[in-house]
Amino acid sequence: MASSDKVPVACPASCGEGKEPMGDPTKTTTAILDKGTAMMQSMKQIRQMSLHVCSFACYSHDPGRQIEVHIYGHRVNQDFLQCAVYDSNSSKAHLIGIEYIVSEKLFETLSPEEQKLWHSHDYEIQMALLVTPRVPELVAKPELKNLAKSYGKFWCTWQIDRGDRLPLGVPSLMVSPQDVNLGRIKPELVKKRDEEQGISTEALKPSREGICGPEKKNLIADNWVRFRKGFALDVVETDMKRTAPFP
């Protein structure tokens with residue numbers, strides 16, 4: 001059994017009561033210091049995040065485990081987005097991973113072995129599983145068309161659905177919803193998301209007609225759909241390198 005498929009050894013962080021992360025409440029003095037440093041520091045990396053989408057993701061080693069995700073992206077250039085992934089859009093959201101998104105053009109430059117780690121976005125957009133909270137469809141349409149032709153690589157670092165109250169274990173590779181049995185998102189998850197966001201996935205579907213995926217869909221991405229084989233990480237003890245490379 002790979003590390004990313006193991007249930008954590010029982011500890012307060014894995015089997016404690018409640019969903020909030022472990023730790024004492026923030027002290028007033030600490031909060032004041034945080035406010036002060038935030039005013040003095042630029043936080044320019046965070047402020048460059050300009051995209052927020054909500055969708056769903058499945059664990060590569062166990063697609064039956066599905067989670068809602070809120071993805072906040074920073075556009076590095078026309079072909080590359082780097083994103084922080086949270087479990088909600090509330091002020092108490094948990095940072096649960098990172099996703100990198102590349103255009104079809106950049107994806108085709110990757111090696112076949114690398115491409116296996118990436119997933120497509122067209123199905124989840126066409127089925128209105130991916131939405132842009134508070135942004136009207138008409139305004140979001142150009143971005144949705146771009147994303148539908150893109151590929152993503154998403155590492156989940158905190159398996160919050162398992163009840164973990166801290167990030168435990170190794171990262172898990174995630175895959176996107178797909179039109180196969182294991183890749184179809186559970187209706188109760190969609191219903192919960194729709195109620196929280198005040199939207200209707202079914203009502204949005206007609207507006208997604210005409211949105212197409214990559215011009216030539218690469219079959220190496222979404223590798224699990226054809227072969228029913230996912231990826232799981234394992235931790236292997238190894239000898240440290242004792243010499244630094246010569247400059």
# chains A, B, ... in the order shown; residues from 1 in each chain; ligands from 1
$ residues_around --residues "Ser14 of chain A" --least-positions-apart "3" --cutoff "9 Å" --atoms "only C-alpha atoms" --output "list in words"
Val7, Pro8, Val9, Ala10, Cys11, Arg162, Gly163, Asp164, Arg165, Leu166 and Leu168 of chain A
$ write_last_selection --atoms "N, CA, C and O atoms" --output "PDB file, in the first residue's frame"
ATOM      1  N   VAL A   7      -4.197   5.146   5.792  1.00  0.00           N
ATOM      2  CA  VAL A   7      -4.861   5.954   6.807  1.00  0.00           C
ATOM      3  C   VAL A   7      -3.805   6.337   7.829  1.00  0.00           C
ATOM      4  O   VAL A   7      -3.008   5.494   8.251  1.00  0.00           O
ATOM      5  N   PRO A   8      -3.746   7.600   8.258  1.00  0.00           N
ATOM      6  CA  PRO A   8      -2.705   8.011   9.204  1.00  0.00           C
ATOM      7  C   PRO A   8      -2.766   7.219  10.510  1.00  0.00           C
ATOM      8  O   PRO A   8      -3.842   6.774  10.932  1.00  0.00           O
ATOM      9  N   VAL A   9      -1.620   7.067  11.098  1.00  0.00           N
ATOM     10  CA  VAL A   9      -1.571   6.457  12.429  1.00  0.00           C
ATOM     11  C   VAL A   9      -2.389   7.322  13.374  1.00  0.00           C
ATOM     12  O   VAL A   9      -2.334   8.551  13.328  1.00  0.00           O
ATOM     13  N   ALA A  10      -3.191   6.672  14.210  1.00  0.00           N
ATOM     14  CA  ALA A  10      -4.083   7.412  15.107  1.00  0.00           C
ATOM     15  C   ALA A  10      -3.314   8.408  15.960  1.00  0.00           C
ATOM     16  O   ALA A  10      -2.306   8.082  16.595  1.00  0.00           O
ATOM     17  N   CYS A  11      -3.777   9.655  15.936  1.00  0.00           N
ATOM     18  CA  CYS A  11      -3.194  10.726  16.731  1.00  0.00           C
ATOM     19  C   CYS A  11      -4.234  11.836  16.815  1.00  0.00           C
ATOM     20  O   CYS A  11      -5.222  11.813  16.081  1.00  0.00           O
ATOM     21  N   ARG A 162     -10.879  13.304   4.809  1.00  0.00           N
ATOM     22  CA  ARG A 162     -10.629  12.163   5.681  1.00  0.00           C
ATOM     23  C   ARG A 162     -10.827  12.532   7.148  1.00  0.00           C
ATOM     24  O   ARG A 162     -10.829  11.677   8.024  1.00  0.00           O
ATOM     25  N   GLY A 163     -10.983  13.838   7.396  1.00  0.00           N
ATOM     26  CA  GLY A 163     -11.144  14.309   8.765  1.00  0.00           C
ATOM     27  C   GLY A 163      -9.848  14.753   9.406  1.00  0.00           C
ATOM     28  O   GLY A 163      -9.829  15.113  10.588  1.00  0.00           O
ATOM     29  N   ASP A 164      -8.741  14.768   8.635  1.00  0.00           N
ATOM     30  CA  ASP A 164      -7.452  15.173   9.185  1.00  0.00           C
ATOM     31  C   ASP A 164      -7.511  16.631   9.644  1.00  0.00           C
ATOM     32  O   ASP A 164      -7.959  17.503   8.891  1.00  0.00           O
ATOM     33  N   ARG A 165      -7.037  16.902  10.842  1.00  0.00           N
ATOM     34  CA  ARG A 165      -7.075  18.263  11.375  1.00  0.00           C
ATOM     35  C   ARG A 165      -5.749  18.995  11.171  1.00  0.00           C
ATOM     36  O   ARG A 165      -5.608  20.146  11.549  1.00  0.00           O
ATOM     37  N   LEU A 166      -4.800  18.319  10.559  1.00  0.00           N
ATOM     38  CA  LEU A 166      -3.543  18.907  10.098  1.00  0.00           C
ATOM     39  C   LEU A 166      -3.170  18.183   8.801  1.00  0.00           C
ATOM     40  O   LEU A 166      -3.635  17.065   8.564  1.00  0.00           O
ATOM     41  N   LEU A 168      -1.473  15.664   6.848  1.00  0.00           N
ATOM     42  CA  LEU A 168      -0.788  14.434   7.243  1.00  0.00           C
ATOM     43  C   LEU A 168      -0.375  13.630   6.011  1.00  0.00           C
ATOM     44  O   LEU A 168      -1.052  13.639   4.988  1.00  0.00           O
TER      45      LEU A 168
END
$ closest_atom_pairs --of "segment 151-241 of chain A" --to "segment 101-116 of chain A" --cutoff "12 Å" --atoms "only C-alpha atoms" --output "JSON lines"
{"residue": "A:Tyr151", "atom": "CA", "partner": "A:Val102", "partner_atom": "CA", "distance": 5.5}
{"residue": "A:Gly152", "atom": "CA", "partner": "A:Ile101", "partner_atom": "CA", "distance": 4.3}
{"residue": "A:Lys153", "atom": "CA", "partner": "A:Ile101", "partner_atom": "CA", "distance": 6.6}
{"residue": "A:Phe154", "atom": "CA", "partner": "A:Ile101", "partner_atom": "CA", "distance": 8.6}
{"residue": "A:Trp155", "atom": "CA", "partner": "A:Ile101", "partner_atom": "CA", "distance": 11.9}
{"residue": "A:Leu173", "atom": "CA", "partner": "A:Lys116", "partner_atom": "CA", "distance": 10.9}
{"residue": "A:Met174", "atom": "CA", "partner": "A:Lys116", "partner_atom": "CA", "distance": 11.7}
{"residue": "A:Val175", "atom": "CA", "partner": "A:Lys116", "partner_atom": "CA", "distance": 10.6}
{"residue": "A:Gly213", "atom": "CA", "partner": "A:Glu104", "partner_atom": "CA", "distance": 9.4}
{"residue": "A:Pro214", "atom": "CA", "partner": "A:Glu104", "partner_atom": "CA", "distance": 6.4}
{"residue": "A:Glu215", "atom": "CA", "partner": "A:Glu104", "partner_atom": "CA", "distance": 8.3}
{"residue": "A:Lys216", "atom": "CA", "partner": "A:Glu104", "partner_atom": "CA", "distance": 8.8}
{"residue": "A:Lys217", "atom": "CA", "partner": "A:Glu104", "partner_atom": "CA", "distance": 8.8}
{"residue": "A:Asn218", "atom": "CA", "partner": "A:Glu108", "partner_atom": "CA", "distance": 8.1}
{"residue": "A:Leu219", "atom": "CA", "partner": "A:Lys116", "partner_atom": "CA", "distance": 9.1}
{"residue": "A:Ile220", "atom": "CA", "partner": "A:Lys116", "partner_atom": "CA", "distance": 5.6}
{"residue": "A:Ala221", "atom": "CA", "partner": "A:Lys116", "partner_atom": "CA", "distance": 5.2}
{"residue": "A:Asp222", "atom": "CA", "partner": "A:Lys116", "partner_atom": "CA", "distance": 7.0}
{"residue": "A:Asn223", "atom": "CA", "partner": "A:Lys116", "partner_atom": "CA", "distance": 5.8}
{"residue": "A:Trp224", "atom": "CA", "partner": "A:Lys116", "partner_atom": "CA", "distance": 8.7}
{"residue": "A:Val225", "atom": "CA", "partner": "A:Lys116", "partner_atom": "CA", "distance": 11.2}
{"residue": "A:Arg226", "atom": "CA", "partner": "A:Lys116", "partner_atom": "CA", "distance": 11.7}
{"residue": "A:Phe227", "atom": "CA", "partner": "A:Lys116", "partner_atom": "CA", "distance": 11.4}
{"residue": "A:Lys229", "atom": "CA", "partner": "A:Lys116", "partner_atom": "CA", "distance": 10.6}
{"residue": "A:Gly230", "atom": "CA", "partner": "A:Lys116", "partner_atom": "CA", "distance": 9.6}
{"residue": "A:Phe231", "atom": "CA", "partner": "A:Lys116", "partner_atom": "CA", "distance": 9.2}
$ write_last_selection --atoms "N, CA, C and O atoms" --output "compact mmCIF listing (two decimals), in the first residue's frame"
# COMPACT_ATOMS: atom_id res chain seq x y z
N TYR A 151 -4.69 21.98 -19.49
CA TYR A 151 -4.43 20.79 -18.69
C TYR A 151 -3.90 21.22 -17.32
O TYR A 151 -3.20 22.24 -17.22
N GLY A 152 -4.22 20.46 -16.29
CA GLY A 152 -3.78 20.80 -14.94
C GLY A 152 -3.07 19.65 -14.23
O GLY A 152 -3.32 18.48 -14.53
N LYS A 153 -2.21 20.02 -13.31
CA LYS A 153 -1.57 19.05 -12.41
C LYS A 153 -1.81 19.52 -10.99
O LYS A 153 -1.34 20.59 -10.60
N PHE A 154 -2.56 18.75 -10.22
CA PHE A 154 -3.04 19.15 -8.91
C PHE A 154 -2.54 18.17 -7.86
O PHE A 154 -2.85 16.99 -7.89
N TRP A 155 -1.75 18.71 -6.90
CA TRP A 155 -1.29 17.91 -5.77
C TRP A 155 -2.05 18.34 -4.52
O TRP A 155 -2.04 19.50 -4.14
N LEU A 173 -1.89 12.88 -5.80
CA LEU A 173 -2.21 13.41 -7.13
C LEU A 173 -3.72 13.34 -7.33
O LEU A 173 -4.35 12.34 -6.99
N MET A 174 -4.29 14.40 -7.87
CA MET A 174 -5.72 14.47 -8.08
C MET A 174 -6.04 14.43 -9.58
O MET A 174 -5.21 14.83 -10.41
N VAL A 175 -7.24 13.98 -9.91
CA VAL A 175 -7.69 13.96 -11.29
C VAL A 175 -9.01 14.72 -11.40
O VAL A 175 -9.69 14.95 -10.41
N GLY A 213 -13.03 21.38 -26.14
CA GLY A 213 -11.78 21.03 -25.49
C GLY A 213 -10.60 21.26 -26.42
O GLY A 213 -10.72 21.96 -27.44
N PRO A 214 -9.44 20.70 -26.09
CA PRO A 214 -8.25 20.85 -26.94
C PRO A 214 -8.54 20.43 -28.38
O PRO A 214 -9.34 19.53 -28.64
N GLU A 215 -7.87 21.10 -29.31
CA GLU A 215 -8.11 20.81 -30.72
C GLU A 215 -7.78 19.35 -31.04
O GLU A 215 -8.45 18.71 -31.85
N LYS A 216 -6.75 18.83 -30.38
CA LYS A 216 -6.40 17.41 -30.55
C LYS A 216 -6.21 16.84 -29.15
O LYS A 216 -5.14 16.95 -28.57
N LYS A 217 -7.26 16.24 -28.61
CA LYS A 217 -7.22 15.74 -27.23
C LYS A 217 -6.08 14.73 -27.07
O LYS A 217 -6.01 13.73 -27.78
N ASN A 218 -5.19 15.00 -26.13
CA ASN A 218 -4.07 14.11 -25.88
C ASN A 218 -4.52 12.98 -24.95
O ASN A 218 -4.95 13.23 -23.83
N LEU A 219 -4.44 11.75 -25.42
CA LEU A 219 -4.97 10.61 -24.67
C LEU A 219 -4.06 10.17 -23.53
O LEU A 219 -4.43 9.30 -22.74
N ILE A 220 -2.87 10.76 -23.45
CA ILE A 220 -1.99 10.40 -22.33
C ILE A 220 -2.48 11.07 -21.05
O ILE A 220 -2.40 10.50 -19.96
N ALA A 221 -3.02 12.30 -21.17
CA ALA A 221 -3.66 12.92 -20.01
C ALA A 221 -4.89 12.09 -19.65
O ALA A 221 -5.43 11.38 -20.50
N ASP A 222 -5.35 12.20 -18.41
CA ASP A 222 -6.49 11.40 -17.95
C ASP A 222 -6.21 9.92 -18.21
O ASP A 222 -7.10 9.14 -18.60
N ASN A 223 -4.96 9.53 -17.98
CA ASN A 223 -4.49 8.18 -18.26
C ASN A 223 -5.37 7.11 -17.60
O ASN A 223 -5.60 6.03 -18.15
N TRP A 224 -5.93 7.42 -16.45
CA TRP A 224 -6.70 6.44 -15.69
C TRP A 224 -8.02 6.07 -16.36
O TRP A 224 -8.56 4.98 -16.12
N VAL A 225 -8.56 6.95 -17.19
CA VAL A 225 -9.85 6.68 -17.84
C VAL A 225 -9.76 5.44 -18.72
O VAL A 225 -10.67 4.60 -18.75
N ARG A 226 -8.64 5.29 -19.43
CA ARG A 226 -8.49 4.14 -20.33
C ARG A 226 -7.96 2.91 -19.62
O ARG A 226 -8.38 1.80 -19.90
N PHE A 227 -7.03 3.11 -18.68
CA PHE A 227 -6.34 1.95 -18.12
C PHE A 227 -6.75 1.60 -16.68
O PHE A 227 -6.31 0.59 -16.15
N LYS A 229 -5.81 2.78 -14.02
CA LYS A 229 -4.62 2.76 -13.17
C LYS A 229 -4.34 4.19 -12.72
O LYS A 229 -4.16 5.09 -13.54
N GLY A 230 -4.34 4.41 -11.39
CA GLY A 230 -4.03 5.73 -10.87
C GLY A 230 -2.59 5.80 -10.38
O GLY A 230 -1.81 4.87 -10.57
N PHE A 231 -2.26 6.91 -9.75
CA PHE A 231 -0.92 7.10 -9.23
C PHE A 231 -0.99 7.39 -7.73
O PHE A 231 -1.87 8.13 -7.28
$ closest_atom_pairs --of "segment 12-118 of chain A" --to "segment 122-130 of chain A" --cutoff "10 Å" --atoms "only C-alpha atoms" --output "tab-separated table"
residue	atom	partner	partner_atom	distance
A:Val53	CA	A:Leu130	CA	6.6
A:Cys54	CA	A:Leu130	CA	5.5
A:Ser55	CA	A:Leu130	CA	4.3
A:Phe56	CA	A:Leu129	CA	7.0
A:Ala57	CA	A:Glu124	CA	9.8
A:Glu68	CA	A:Leu129	CA	9.9
A:Val69	CA	A:Leu130	CA	9.5
A:His70	CA	A:Leu130	CA	9.6
$ write_last_selection --atoms "C-alpha atoms" --output "short mmCIF file (atom, residue, chain, number, x, y, z; two decimals), in the first residue's frame"
data_model
loop_
_atom_site.label_atom_id
_atom_site.label_comp_id
_atom_site.auth_asym_id
_atom_site.auth_seq_id
_atom_site.Cartn_x
_atom_site.Cartn_y
_atom_site.Cartn_z
CA VAL A 53 -13.09 28.98 -9.93
CA CYS A 54 -14.96 26.31 -8.01
CA SER A 55 -15.01 22.70 -9.16
CA PHE A 56 -14.50 19.14 -7.95
CA ALA A 57 -11.55 16.74 -7.91
CA GLU A 68 -15.09 20.34 -3.73
CA VAL A 69 -12.23 22.68 -4.53
CA HIS A 70 -11.82 26.45 -4.80
#
$ closest_residue --among "A:Ser207, A:Thr238, A:Thr201, A:Gln178" --to "Lys145 of chain A" --atoms "only C-alpha atoms"
A:Ser207
$ select_by_dssp --residues "segment 7-176 of chain A" --states "helix (DSSP H, G or I)" --output "ChimeraX atom specification"
/A:12-15,28-40,44-47,104-107,112-115,122-126,137-148,160-162
